[in-house]
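Listing of coords25.cif, mmCIF, C-alpha atoms (C1' of nucleotides)
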data_my_file
loop_
_atom_site.label_atom_id
_atom_site.label_comp_id
_atom_site.auth_asym_id
_atom_site.auth_seq_id
_atom_site.Cartn_x
_atom_site.Cartn_y
_atom_site.Cartn_z
CA MET A 22 26.82 -8.94 -43.37
CA THR A 23 23.45 -8.70 -44.98
CA PRO A 24 21.05 -10.98 -43.20
CA SER A 25 19.46 -13.52 -45.50
CA PRO A 26 16.48 -12.04 -47.35
CA VAL A 27 14.05 -14.18 -45.39
CA SER A 28 15.26 -13.35 -41.88
CA ASP A 29 17.10 -16.01 -39.96
CA LYS A 30 15.46 -14.83 -36.76
CA ARG A 31 12.24 -16.21 -38.10
CA GLN A 32 13.71 -19.66 -38.63
CA HIS A 33 15.37 -19.55 -35.24
CA VAL A 34 12.03 -18.89 -33.57
CA VAL A 35 10.47 -21.80 -35.44
CA GLU A 36 13.18 -24.20 -34.36
CA THR A 37 13.14 -23.06 -30.75
CA ALA A 38 9.36 -23.32 -30.60
CA TYR A 39 9.59 -26.80 -32.05
CA VAL A 40 11.79 -28.03 -29.21
CA LEU A 41 9.55 -26.50 -26.56
CA PHE A 42 6.28 -27.70 -28.11
CA LYS A 43 7.72 -31.18 -28.39
CA ARG A 44 8.69 -31.29 -24.73
CA ALA A 45 5.78 -29.59 -23.04
CA GLY A 46 2.91 -29.41 -25.52
CA PHE A 47 1.31 -26.46 -27.27
CA HIS A 48 -1.01 -24.88 -24.74
CA ALA A 49 1.46 -25.44 -21.92
CA THR A 50 4.20 -23.58 -23.79
CA GLY A 51 3.75 -19.81 -23.56
CA ILE A 52 4.96 -17.16 -25.95
CA ASP A 53 7.09 -15.68 -23.18
CA ARG A 54 8.91 -18.97 -22.81
CA ILE A 55 9.53 -19.24 -26.53
CA ILE A 56 10.99 -15.75 -26.92
CA ALA A 57 13.10 -16.16 -23.80
CA GLU A 58 14.55 -19.43 -25.05
CA ALA A 59 15.06 -18.05 -28.56
CA ASP A 60 16.54 -14.86 -27.07
CA VAL A 61 14.36 -12.71 -29.26
CA ALA A 62 12.13 -9.72 -28.55
CA LYS A 63 8.42 -10.33 -28.38
CA MET A 64 7.73 -7.88 -31.17
CA THR A 65 10.22 -9.66 -33.39
CA MET A 66 8.16 -12.80 -33.02
CA TYR A 67 4.85 -11.09 -33.58
CA ARG A 68 6.19 -9.28 -36.62
CA HIS A 69 6.93 -12.64 -38.22
CA PHE A 70 3.92 -14.57 -36.96
CA PRO A 71 0.57 -12.84 -36.51
CA SER A 72 -0.49 -15.26 -33.79
CA LYS A 73 0.62 -18.27 -31.79
CA ASP A 74 -1.62 -20.53 -33.85
CA GLU A 75 0.13 -19.49 -37.04
CA LEU A 76 3.49 -20.13 -35.42
CA ILE A 77 2.30 -23.63 -34.54
CA VAL A 78 1.25 -24.29 -38.12
CA GLU A 79 4.63 -23.04 -39.30
CA VAL A 80 6.43 -25.35 -36.89
CA LEU A 81 4.38 -28.33 -38.06
CA ASP A 82 4.91 -27.56 -41.74
CA TYR A 83 8.62 -27.14 -41.13
CA ARG A 84 8.83 -30.51 -39.40
CA ALA A 85 6.76 -32.14 -42.14
CA MET A 86 9.19 -30.80 -44.70
CA ARG A 87 12.22 -32.11 -42.80
CA PHE A 88 10.52 -35.48 -42.39
CA ASP A 89 9.80 -35.69 -46.10
CA ARG A 90 13.34 -34.80 -47.00
CA GLN A 91 14.74 -37.48 -44.72
CA LEU A 92 12.49 -40.15 -46.18
CA ASP A 93 13.35 -38.91 -49.68
CA ARG A 94 17.00 -39.61 -48.95
CA LEU A 95 16.17 -43.17 -47.94
CA ALA A 96 14.36 -43.82 -51.16
CA GLN A 97 16.73 -45.50 -53.55
CA GLU A 98 15.77 -46.54 -57.02
CA GLY A 99 15.98 -50.17 -57.97
CA ILE A 100 15.35 -51.79 -54.64
CA PRO A 101 12.17 -53.81 -54.08
CA PRO A 102 9.15 -52.17 -52.40
CA GLU A 103 9.51 -54.42 -49.36
CA GLN A 104 12.90 -52.94 -48.74
CA LYS A 105 11.68 -49.37 -49.26
CA ILE A 106 8.93 -49.94 -46.70
CA GLY A 107 11.42 -51.63 -44.40
CA ARG A 108 13.59 -48.54 -44.47
CA ILE A 109 10.71 -46.38 -43.37
CA PHE A 110 10.21 -48.63 -40.36
CA ASP A 111 13.94 -48.58 -39.69
CA TRP A 112 13.87 -44.81 -39.74
CA HIS A 113 11.18 -44.92 -37.05
CA ALA A 114 13.19 -47.40 -35.01
CA ARG A 115 16.09 -44.94 -34.95
CA TRP A 116 13.75 -42.08 -34.10
CA PHE A 117 12.29 -43.96 -31.15
CA ARG A 118 15.76 -44.53 -29.79
CA SER A 119 16.87 -40.91 -30.18
CA ALA A 120 17.62 -38.97 -27.03
CA ASP A 121 14.88 -36.39 -27.27
CA PHE A 122 12.02 -38.61 -28.43
CA HIS A 123 8.69 -37.46 -27.02
CA GLY A 124 6.16 -39.04 -29.35
CA CYS A 125 4.68 -37.65 -32.53
CA LEU A 126 4.27 -33.87 -32.57
CA PHE A 127 1.50 -34.17 -35.14
CA ALA A 128 -0.49 -36.64 -33.08
CA HIS A 129 -0.05 -34.33 -30.10
CA ALA A 130 -1.27 -31.40 -32.13
CA LEU A 131 -4.36 -33.36 -33.07
CA ALA A 132 -4.99 -33.98 -29.39
CA GLU A 133 -4.88 -30.28 -28.53
CA PHE A 134 -6.61 -28.93 -31.64
CA GLY A 135 -9.49 -31.27 -32.29
CA ASP A 136 -11.58 -28.93 -34.39
CA PRO A 137 -11.41 -30.15 -38.01
CA GLY A 138 -11.69 -26.57 -39.23
CA HIS A 139 -8.65 -25.38 -37.30
CA PRO A 140 -5.49 -24.71 -39.36
CA VAL A 141 -3.44 -26.86 -36.98
CA PHE A 142 -5.78 -29.80 -37.51
CA LYS A 143 -5.43 -29.39 -41.25
CA ALA A 144 -1.65 -29.28 -41.02
CA VAL A 145 -1.70 -32.61 -39.20
CA VAL A 146 -3.95 -34.20 -41.80
CA ARG A 147 -1.61 -32.99 -44.54
CA GLN A 148 1.39 -34.66 -42.92
CA LYS A 149 -0.30 -37.98 -42.20
CA ASN A 150 -1.83 -38.18 -45.65
CA GLY A 151 1.56 -37.37 -47.09
CA LEU A 152 3.14 -40.37 -45.40
CA LYS A 153 0.29 -42.58 -46.48
CA ARG A 154 0.61 -41.38 -50.05
CA ARG A 155 4.34 -42.05 -50.03
CA MET A 156 3.79 -45.64 -48.94
CA ARG A 157 0.94 -46.12 -51.35
CA SER A 158 3.00 -45.10 -54.33
CA ILE A 159 5.72 -47.53 -53.25
CA LEU A 160 3.19 -50.31 -52.97
CA GLU A 161 1.61 -49.56 -56.33
CA GLU A 162 4.67 -51.04 -57.94
CA VAL A 163 3.53 -54.48 -56.90
CA MET A 164 -0.20 -54.30 -56.31
CA PRO A 165 -3.28 -52.61 -57.76
CA ARG A 166 -4.12 -49.09 -56.68
CA GLY A 167 -7.05 -49.91 -54.39
CA ARG A 168 -5.11 -52.63 -52.62
CA ALA A 169 -2.11 -50.32 -52.22
CA GLU A 170 -4.30 -47.67 -50.62
CA SER A 171 -5.62 -50.19 -48.10
CA VAL A 172 -2.22 -51.61 -47.27
CA ALA A 173 -0.72 -48.13 -46.97
CA ALA A 174 -3.45 -47.16 -44.49
CA THR A 175 -2.72 -50.28 -42.49
CA LEU A 176 1.00 -49.59 -42.41
CA LEU A 177 0.28 -46.02 -41.32
CA MET A 178 -1.85 -47.32 -38.45
CA LEU A 179 0.93 -49.65 -37.37
CA ILE A 180 3.40 -46.77 -37.42
CA GLU A 181 1.12 -44.48 -35.45
CA GLY A 182 0.37 -47.18 -32.91
CA ALA A 183 4.05 -48.03 -32.59
CA THR A 184 4.87 -44.37 -31.98
CA LEU A 185 2.34 -44.24 -29.18
CA LEU A 186 3.65 -47.44 -27.59
CA ALA A 187 7.17 -46.12 -27.97
CA GLN A 188 6.22 -43.04 -26.00
CA MET A 189 4.91 -45.35 -23.28
CA GLY A 190 8.34 -46.94 -22.99
CA GLN A 191 7.87 -49.99 -25.22
CA ALA A 192 9.83 -48.72 -28.21
CA ASP A 193 11.86 -51.80 -29.05
CA ALA A 194 9.06 -54.35 -28.88
CA ALA A 195 6.68 -51.98 -30.65
CA ILE A 196 8.78 -51.31 -33.72
CA ARG A 197 9.82 -54.93 -33.98
CA ASP A 198 6.23 -56.20 -33.89
CA ALA A 199 4.98 -53.44 -36.17
CA ARG A 200 7.70 -54.09 -38.71
CA LYS A 201 7.04 -57.80 -38.72
CA ALA A 202 3.30 -57.30 -39.16
CA ALA A 203 3.90 -54.79 -41.94
CA MET A 204 6.17 -57.14 -43.88
CA GLY A 205 3.65 -59.92 -43.58
CA ILE A 206 0.84 -57.74 -44.88
CA VAL A 207 2.87 -56.47 -47.82
CA ALA A 208 3.97 -60.00 -48.72
CA ALA A 209 0.42 -61.29 -48.59
CA SER A 210 -0.84 -58.53 -50.89
CA ARG A 211 2.02 -58.62 -53.32
CA ARG A 212 1.28 -59.38 -56.96
CA PRO A 213 3.30 -62.49 -57.77
CA GLN A 214 6.27 -61.70 -59.97
CA MET B 11 -33.53 -37.99 0.98
CA THR B 12 -30.12 -38.82 2.29
CA PRO B 13 -27.53 -38.28 -0.41
CA SER B 14 -25.56 -41.38 -1.26
CA PRO B 15 -22.64 -41.93 1.13
CA VAL B 16 -20.12 -41.13 -1.55
CA SER B 17 -21.53 -37.85 -2.77
CA ASP B 18 -23.14 -37.79 -6.16
CA LYS B 19 -21.83 -34.29 -6.72
CA ARG B 20 -18.40 -35.82 -6.99
CA GLN B 21 -19.44 -38.18 -9.74
CA HIS B 22 -21.31 -35.41 -11.51
CA VAL B 23 -18.15 -33.30 -11.63
CA VAL B 24 -16.19 -36.24 -13.04
CA GLU B 25 -18.69 -36.81 -15.82
CA THR B 26 -18.96 -33.14 -16.72
CA ALA B 27 -15.19 -32.76 -16.77
CA TYR B 28 -14.97 -35.81 -19.00
CA VAL B 29 -17.17 -34.25 -21.66
CA LEU B 30 -15.26 -30.97 -21.59
CA PHE B 31 -11.80 -32.57 -21.62
CA LYS B 32 -12.85 -34.74 -24.52
CA ARG B 33 -14.02 -31.79 -26.58
CA ALA B 34 -11.39 -29.16 -25.83
CA GLY B 35 -8.43 -30.90 -24.20
CA PHE B 36 -7.02 -30.71 -20.69
CA HIS B 37 -5.05 -27.49 -20.54
CA ALA B 38 -7.61 -25.64 -22.62
CA THR B 39 -10.43 -26.57 -20.24
CA GLY B 40 -10.40 -24.37 -17.14
CA ILE B 41 -11.74 -25.17 -13.69
CA ASP B 42 -14.18 -22.29 -14.01
CA ARG B 43 -15.64 -23.86 -17.12
CA ILE B 44 -16.02 -27.22 -15.44
CA ILE B 45 -17.82 -25.92 -12.36
CA ALA B 46 -20.05 -23.68 -14.47
CA GLU B 47 -21.07 -26.58 -16.70
CA ALA B 48 -21.53 -28.92 -13.73
CA ASP B 49 -23.43 -26.18 -11.86
CA VAL B 50 -21.37 -26.71 -8.76
CA ALA B 51 -19.53 -24.34 -6.44
CA LYS B 52 -15.80 -24.11 -6.81
CA MET B 53 -15.21 -25.18 -3.23
CA THR B 54 -17.35 -28.24 -3.75
CA MET B 55 -14.99 -29.32 -6.49
CA TYR B 56 -11.85 -28.57 -4.52
CA ARG B 57 -13.20 -30.39 -1.48
CA HIS B 58 -13.50 -33.53 -3.57
CA PHE B 59 -10.36 -33.14 -5.70
CA PRO B 60 -7.25 -31.52 -4.23
CA SER B 61 -6.10 -30.33 -7.66
CA LYS B 62 -6.98 -30.28 -11.33
CA ASP B 63 -4.40 -32.96 -12.04
CA GLU B 64 -6.07 -35.33 -9.60
CA LEU B 65 -9.41 -34.63 -11.21
CA ILE B 66 -7.92 -35.54 -14.57
CA VAL B 67 -6.60 -38.83 -13.19
CA GLU B 68 -10.02 -39.53 -11.71
CA VAL B 69 -11.70 -38.85 -15.06
CA LEU B 70 -9.28 -41.17 -16.85
CA ASP B 71 -9.68 -43.96 -14.30
CA TYR B 72 -13.44 -43.60 -14.50
CA ARG B 73 -13.39 -43.91 -18.29
CA ALA B 74 -11.02 -46.85 -18.11
CA MET B 75 -13.44 -48.60 -15.77
CA ARG B 76 -16.39 -47.97 -18.07
CA PHE B 77 -14.38 -49.17 -21.04
CA ASP B 78 -13.42 -52.37 -19.23
CA ARG B 79 -16.99 -53.04 -18.21
CA GLN B 80 -18.23 -52.63 -21.77
CA LEU B 81 -15.63 -55.02 -23.13
CA ASP B 82 -16.40 -57.44 -20.30
CA ARG B 83 -19.99 -57.56 -21.49
CA LEU B 84 -18.87 -58.45 -25.01
CA ALA B 85 -16.81 -61.35 -23.74
CA GLN B 86 -18.83 -64.49 -24.06
CA GLU B 87 -17.56 -67.89 -23.10
CA GLY B 88 -17.35 -70.58 -25.69
CA ILE B 89 -16.75 -68.51 -28.78
CA PRO B 90 -13.42 -68.75 -30.60
CA PRO B 91 -10.69 -66.17 -29.90
CA GLU B 92 -10.99 -64.78 -33.42
CA GLN B 93 -14.55 -63.84 -32.68
CA LYS B 94 -13.67 -62.30 -29.31
CA ILE B 95 -11.03 -60.14 -30.97
CA GLY B 96 -13.47 -59.33 -33.76
CA ARG B 97 -15.94 -58.01 -31.23
CA ILE B 98 -13.37 -55.64 -29.79
CA PHE B 99 -12.81 -54.20 -33.25
CA ASP B 100 -16.57 -53.98 -33.78
CA TRP B 101 -16.88 -52.09 -30.53
CA HIS B 102 -14.36 -49.57 -31.88
CA ALA B 103 -16.22 -49.32 -35.18
CA ARG B 104 -19.35 -48.31 -33.29
CA TRP B 105 -17.37 -45.87 -31.15
CA PHE B 106 -15.89 -44.18 -34.22
CA ARG B 107 -19.38 -43.67 -35.62
CA SER B 108 -20.82 -42.24 -32.40
CA ALA B 109 -21.96 -38.65 -32.45
CA ASP B 110 -19.47 -37.23 -29.96
CA PHE B 111 -16.35 -39.07 -31.08
CA HIS B 112 -13.24 -36.94 -30.64
CA GLY B 113 -10.44 -39.49 -30.61
CA CYS B 114 -8.94 -41.32 -27.67
CA LEU B 115 -8.91 -39.35 -24.43
CA PHE B 116 -5.97 -41.40 -23.17
CA ALA B 117 -3.86 -40.72 -26.22
CA HIS B 118 -4.71 -37.04 -25.85
CA ALA B 119 -3.69 -37.13 -22.20
CA LEU B 120 -0.36 -38.62 -23.21
CA ALA B 121 0.11 -35.74 -25.62
CA GLU B 122 -0.44 -33.12 -22.93
CA PHE B 123 1.32 -34.87 -20.05
CA GLY B 124 4.45 -36.35 -21.54
CA ASP B 125 6.41 -36.71 -18.31
CA PRO B 126 6.57 -40.43 -17.47
CA GLY B 127 6.54 -39.61 -13.77
CA HIS B 128 3.29 -37.67 -13.95
CA PRO B 129 0.20 -39.41 -12.50
CA VAL B 130 -1.74 -38.69 -15.70
CA PHE B 131 0.92 -40.40 -17.79
CA LYS B 132 0.76 -43.42 -15.51
CA ALA B 133 -3.03 -43.56 -15.76
CA VAL B 134 -2.73 -43.72 -19.54
CA VAL B 135 -0.19 -46.53 -19.40
CA ARG B 136 -2.48 -48.47 -17.06
CA GLN B 137 -5.36 -48.27 -19.51
CA LYS B 138 -3.39 -49.18 -22.61
CA ASN B 139 -1.65 -52.06 -20.89
CA GLY B 140 -5.01 -53.23 -19.64
CA LEU B 141 -6.36 -53.50 -23.17
CA LYS B 142 -3.23 -55.25 -24.34
CA ARG B 143 -3.47 -57.72 -21.45
CA ARG B 144 -7.10 -58.40 -22.27
CA MET B 145 -6.25 -59.29 -25.86
CA ARG B 146 -3.22 -61.29 -24.83
CA SER B 147 -5.21 -63.51 -22.52
CA ILE B 148 -7.73 -64.12 -25.30
CA LEU B 149 -4.92 -65.07 -27.69
CA GLU B 150 -3.24 -67.38 -25.18
CA GLU B 151 -6.06 -69.83 -25.79
CA VAL B 152 -4.61 -70.61 -29.18
CA MET B 153 -0.95 -69.62 -29.13
CA PRO B 154 2.01 -69.64 -26.75
CA ARG B 155 2.42 -66.81 -24.27
CA GLY B 156 5.28 -65.00 -25.98
CA ARG B 157 3.54 -65.10 -29.34
CA ALA B 158 0.30 -63.89 -27.75
CA GLU B 159 2.10 -60.93 -26.21
CA SER B 160 3.52 -59.95 -29.58
CA VAL B 161 0.25 -60.32 -31.43
CA ALA B 162 -1.63 -58.41 -28.72
CA ALA B 163 0.83 -55.54 -29.03
CA THR B 164 0.33 -55.52 -32.79
CA LEU B 165 -3.45 -55.47 -32.44
CA LEU B 166 -3.16 -52.63 -29.95
CA MET B 167 -1.09 -50.65 -32.41
CA LEU B 168 -3.66 -51.23 -35.14
CA ILE B 169 -6.42 -50.03 -32.80
CA GLU B 170 -4.51 -46.92 -31.74
CA GLY B 171 -3.65 -46.11 -35.33
CA ALA B 172 -7.22 -46.64 -36.43
CA THR B 173 -8.44 -44.31 -33.69
CA LEU B 174 -6.10 -41.61 -34.90
CA LEU B 175 -7.17 -42.05 -38.53
CA ALA B 176 -10.79 -42.05 -37.41
CA GLN B 177 -10.28 -38.68 -35.76
CA MET B 178 -8.90 -37.43 -39.06
CA GLY B 179 -12.14 -38.37 -40.78
CA GLN B 180 -11.24 -41.79 -42.17
CA ALA B 181 -13.14 -43.87 -39.66
CA ASP B 182 -14.78 -46.39 -41.96
CA ALA B 183 -11.75 -47.29 -44.05
CA ALA B 184 -9.52 -47.32 -40.98
CA ILE B 185 -11.49 -49.78 -38.91
CA ARG B 186 -12.14 -51.98 -41.92
CA ASP B 187 -8.45 -52.20 -42.84
CA ALA B 188 -7.35 -52.58 -39.23
CA ARG B 189 -9.84 -55.37 -38.60
CA LYS B 190 -8.80 -57.22 -41.72
CA ALA B 191 -5.11 -56.95 -40.85
CA ALA B 192 -5.81 -58.08 -37.29
CA MET B 193 -7.70 -61.14 -38.41
CA GLY B 194 -4.92 -62.08 -40.79
CA ILE B 195 -2.29 -61.78 -38.08
CA VAL B 196 -4.26 -63.84 -35.58
CA ALA B 197 -4.94 -66.53 -38.17
CA ALA B 198 -1.27 -66.71 -39.13
CA SER B 199 -0.20 -67.12 -35.50
CA ARG B 200 -2.87 -69.55 -34.47
CA ARG B 201 -1.82 -72.92 -33.19
CA PRO B 202 -3.48 -75.43 -35.52
CA GLN B 203 -6.38 -77.20 -33.86
"C1'" DT C 3 24.72 12.45 -43.75
"C1'" DA C 4 20.07 10.86 -44.21
"C1'" DA C 5 16.80 7.26 -44.64
"C1'" DC C 6 15.35 2.72 -44.06
"C1'" DT C 7 14.80 -1.74 -41.97
"C1'" DA C 8 15.10 -5.13 -38.47
"C1'" DT C 9 15.42 -5.66 -33.90
"C1'" DG C 10 15.67 -5.03 -28.68
"C1'" DA C 11 13.55 -3.93 -24.30
"C1'" DG C 12 9.92 -3.71 -21.70
"C1'" DA C 13 5.58 -1.58 -20.13
"C1'" DC C 14 0.84 -2.45 -20.62
"C1'" DA C 15 -4.00 -4.22 -21.21
"C1'" DG C 16 -7.36 -7.41 -20.46
"C1'" DA C 17 -8.39 -11.84 -19.94
"C1'" DC C 18 -7.83 -16.22 -17.84
"C1'" DC C 19 -5.56 -19.55 -14.79
"C1'" DT C 20 -5.43 -22.40 -10.25
"C1'" DG C 21 -6.32 -22.53 -5.70
"C1'" DT C 22 -7.86 -20.36 -0.99
"C1'" DC C 23 -10.88 -18.08 1.96
"C1'" DT C 24 -15.15 -16.52 4.29
"C1'" DC C 25 -19.82 -16.62 5.23
"C1'" DA C 26 -24.51 -18.11 4.49
"C1'" DT C 27 -27.77 -21.84 3.75
"C1'" DC C 28 -30.03 -26.03 3.88
"C1'" DA C 29 -31.07 -30.87 5.16
"C1'" DC C 30 -30.73 -34.12 8.24
"C1'" DT C 31 -29.75 -36.19 13.03
"C1'" DC C 32 -29.85 -36.43 17.80
"C1'" DG D 20 -33.90 -26.94 19.38
"C1'" DA D 21 -28.93 -27.69 18.85
"C1'" DG D 22 -25.47 -29.67 16.26
"C1'" DT D 23 -23.34 -31.52 12.02
"C1'" DG D 24 -21.89 -31.99 7.32
"C1'" DA D 25 -22.29 -30.88 2.54
"C1'" DT D 26 -22.91 -27.22 -0.39
"C1'" DG D 27 -23.54 -22.45 -2.61
"C1'" DA D 28 -21.83 -17.95 -3.83
"C1'" DG D 29 -18.40 -15.22 -4.73
"C1'" DA D 30 -14.44 -12.34 -3.43
"C1'" DC D 31 -9.62 -12.67 -3.61
"C1'" DA D 32 -4.57 -13.56 -4.44
"C1'" DG D 33 -0.90 -14.24 -7.32
"C1'" DG D 34 0.44 -15.76 -11.39
"C1'" DT D 35 0.35 -16.46 -16.51
"C1'" DC D 36 -1.65 -15.97 -20.97
"C1'" DT D 37 -1.80 -13.54 -25.72
"C1'" DG D 38 -1.23 -9.60 -28.13
"C1'" DT D 39 -0.24 -4.32 -28.63
"C1'" DC D 40 2.29 -0.32 -27.93
"C1'" DT D 41 6.19 2.96 -27.59
"C1'" DC D 42 10.80 4.20 -27.84
"C1'" DA D 43 15.68 3.30 -28.49
"C1'" DT D 44 19.41 1.19 -31.19
"C1'" DA D 45 22.15 -0.87 -34.60
"C1'" DG D 46 23.43 -1.84 -39.37
"C1'" DT D 47 22.90 -1.18 -44.09
"C1'" DT D 48 21.87 1.69 -48.23
"C1'" DA D 49 21.55 5.73 -50.95
#
Here is the file; what I need is its structure written in the form of structure tokens.
Amino acid sequence: MTPSPVSDKRQHVVETAYVLFKRAGFHATGIDRIIAEADVAKMTMYRHFPSKDELIVEVLDYRAMRFDRQLDRLAQEGIPPEQKIGRIFDWHARWFRSADFHGCLFAHALAEFGDPGHPVFKAVVRQKNGLKRRMRSILEEVMPRGRAESVAATLLMLIEGATLLAQMGQADAAIRDARKAAMGIVAASRRPQ
Amino acid sequence: MTPSPVSDKRQHVVETAYVLFKRAGFHATGIDRIIAEADVAKMTMYRHFPSKDELIVEVLDYRAMRFDRQLDRLAQEGIPPEQKIGRIFDWHARWFRSADFHGCLFAHALAEFGDPGHPVFKAVVRQKNGLKRRMRSILEEVMPRGRAESVAATLLMLIEGATLLAQMGQADAAIRDARKAAMGIVAASRRPQ
DNA sequence: TAACTATGAGACAGACCTGTCTCATCACTC
DNA sequence: GAGTGATGAGACAGGTCTGTCTCATAGTTA
């Protein structure tokens, strides 16, 4: 069997690193631990990723891509914006309840890499702005652009806050309250039909 | 001069560690760096704090106390709850604009110490619940207890989300949108006078 | 068969980590 | 002057960190 042109070892390292970073954090997870868990030689890892930082960026970008694809699948044409936004909150409710939930990897990355010039920081900003943009374009169906931007930012804050509360063990109340607040805000800003 | 009964070296270490943790994170800040910056012998530190983890908890508790005292000073009897809540958001607006703002140290601690049994994790939960309780007791003046709990949680989520967006360089828009949403939610839940 | 590529295995360097230990010093008290 | 308690200075242990290096091996391709 010819291995796939872009090696599957590479992807395996990314996915293993993701699990470990999620559980223990970035600085606390050593390269040795990653290669042991992935059952891969150290040089194999360093041939694919020139440094740990670049591996971290790769892991974040990979997760951002998976996240986007999942939300893409939820998006269904022809349903009202309220329902589209509601599905995004429902997705988070399911995430909070999942077995291996440990909070938001991107928020955690921001905590450990606070320098705005750092590639990891930039990867986080990309992901968060992506989610905001997604919600904004949904909202633009029923409100002017500037208003949609504001409401999208508010919804993003509710989601981020809910994720933090969920990590502190208040998942159910958090997503319920956040969802309710979000629906109220969207309704209040909606252009009357 | 007799040194104060509870040594001032101890407090000096706490404050130095706070600045370093805030800038670089917890794992990335070594003991050697802390004692160098505080200009203190290593044994002096370890005589006061049995381990780095306990120093971290001390730093967090110290910051939580300072935070509480600052919000206490803002609380003025006789003004309506809306205004009391508004002042909390204003406090955050000023914080976001301050020179050395690097996001929320407690949220960062949660990112690096995700084990719910860890003393650092518990210190974070204490602080966040404290802020929620503060807002809840303000809201109970004008709405029933259960409603106040829900609204307080929502305001907390807005604040946490705004802090995260502020760290990503969107401080002004974030606090403006969060404040506006908060005021709307409180108004909608207010028991009519 | 020969060449090429990806990988495995692990030694190694050099730095950094937390935490312990000893010994000297200094200020204050009795 | 003797004793006491807090501190300074730094060596030290034992471990872990990232990243580099060499050499062997296996599988595919020409």
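Of note, CA of Lys94 (chain B) and CA of Arg146 (chain B) are spaced 11.4 Å apart.
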For chain B, work out the contacting residues on chain D at 10 Å, counting only C-alpha atoms (C1' of nucleotides), and write them as a list of chain:residue names.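 Within 10 Å of chain B on chain D, we get D:DA25, D:DT26, D:DG27, D:DA28, D:DG29.
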Within 8 Å of chain B, which residues of chain A show up? Give each one with its shortest atom-to-atom distance in Å (one decimal) and the two atoms involved, counting all atoms listed in the file, rows by chain then rising residue number, as JSON lines.
{"residue": "A:Arg44", "atom": "CA", "partner": "B:Gly124", "partner_atom": "CA", "distance": 7.3}
{"residue": "A:Ala45", "atom": "CA", "partner": "B:Gly124", "partner_atom": "CA", "distance": 7.1}
{"residue": "A:Gly46", "atom": "CA", "partner": "B:Glu122", "partner_atom": "CA", "distance": 5.6}
{"residue": "A:His48", "atom": "CA", "partner": "B:His37", "partner_atom": "CA", "distance": 6.4}
{"residue": "A:Ala49", "atom": "CA", "partner": "B:His37", "partner_atom": "CA", "distance": 7.0}
{"residue": "A:His123", "atom": "CA", "partner": "B:Gly124", "partner_atom": "CA", "distance": 7.0}
{"residue": "A:Gly124", "atom": "CA", "partner": "B:Ala121", "partner_atom": "CA", "distance": 7.8}
{"residue": "A:Ala128", "atom": "CA", "partner": "B:Ala121", "partner_atom": "CA", "distance": 7.5}
{"residue": "A:His129", "atom": "CA", "partner": "B:Ala121", "partner_atom": "CA", "distance": 4.7}
{"residue": "A:Ala130", "atom": "CA", "partner": "B:Ala121", "partner_atom": "CA", "distance": 7.9}
{"residue": "A:Ala132", "atom": "CA", "partner": "B:His118", "partner_atom": "CA", "distance": 4.7}
{"residue": "A:Glu133", "atom": "CA", "partner": "B:Gly35", "partner_atom": "CA", "distance": 5.6}
{"residue": "A:Phe134", "atom": "CA", "partner": "B:Ala34", "partner_atom": "CA", "distance": 7.5}
{"residue": "A:Gly135", "atom": "CA", "partner": "B:His112", "partner_atom": "CA", "distance": 7.0}
{"residue": "A:Pro137", "atom": "CA", "partner": "B:Met178", "partner_atom": "CA", "distance": 7.8}
{"residue": "A:Val146", "atom": "CA", "partner": "B:Met178", "partner_atom": "CA", "distance": 6.5}
{"residue": "A:Ser171", "atom": "CA", "partner": "B:Asp187", "partner_atom": "CA", "distance": 6.3}
{"residue": "A:Val172", "atom": "CA", "partner": "B:Asp187", "partner_atom": "CA", "distance": 7.7}
{"residue": "A:Ala174", "atom": "CA", "partner": "B:Ala184", "partner_atom": "CA", "distance": 7.0}
{"residue": "A:Thr175", "atom": "CA", "partner": "B:Asp187", "partner_atom": "CA", "distance": 6.1}
{"residue": "A:Leu177", "atom": "CA", "partner": "B:Gly171", "partner_atom": "CA", "distance": 7.2}
{"residue": "A:Met178", "atom": "CA", "partner": "B:Gly171", "partner_atom": "CA", "distance": 3.8}
{"residue": "A:Leu179", "atom": "CA", "partner": "B:Leu168", "partner_atom": "CA", "distance": 5.3}
{"residue": "A:Ile180", "atom": "CA", "partner": "B:Gly171", "partner_atom": "CA", "distance": 7.4}
{"residue": "A:Glu181", "atom": "CA", "partner": "B:Gly171", "partner_atom": "CA", "distance": 5.0}
{"residue": "A:Gly182", "atom": "CA", "partner": "B:Met167", "partner_atom": "CA", "distance": 3.8}
{"residue": "A:Ala183", "atom": "CA", "partner": "B:Met167", "partner_atom": "CA", "distance": 5.8}
{"residue": "A:Leu185", "atom": "CA", "partner": "B:Ala117", "partner_atom": "CA", "distance": 7.7}
{"residue": "A:Leu186", "atom": "CA", "partner": "B:Met167", "partner_atom": "CA", "distance": 7.5}
{"residue": "A:Met189", "atom": "CA", "partner": "B:Val135", "partner_atom": "CA", "distance": 6.5}
{"residue": "A:Ala194", "atom": "CA", "partner": "B:Ser160", "partner_atom": "CA", "distance": 7.9}
{"residue": "A:Ala195", "atom": "CA", "partner": "B:Ala163", "partner_atom": "CA", "distance": 7.0}
{"residue": "A:Asp198", "atom": "CA", "partner": "B:Thr164", "partner_atom": "CA", "distance": 6.0}
{"residue": "A:Ala199", "atom": "CA", "partner": "B:Thr164", "partner_atom": "CA", "distance": 6.1}
{"residue": "A:Ala202", "atom": "CA", "partner": "B:Ile195", "partner_atom": "CA", "distance": 7.2}
{"residue": "A:Ile206", "atom": "CA", "partner": "B:Ala191", "partner_atom": "CA", "distance": 7.2}
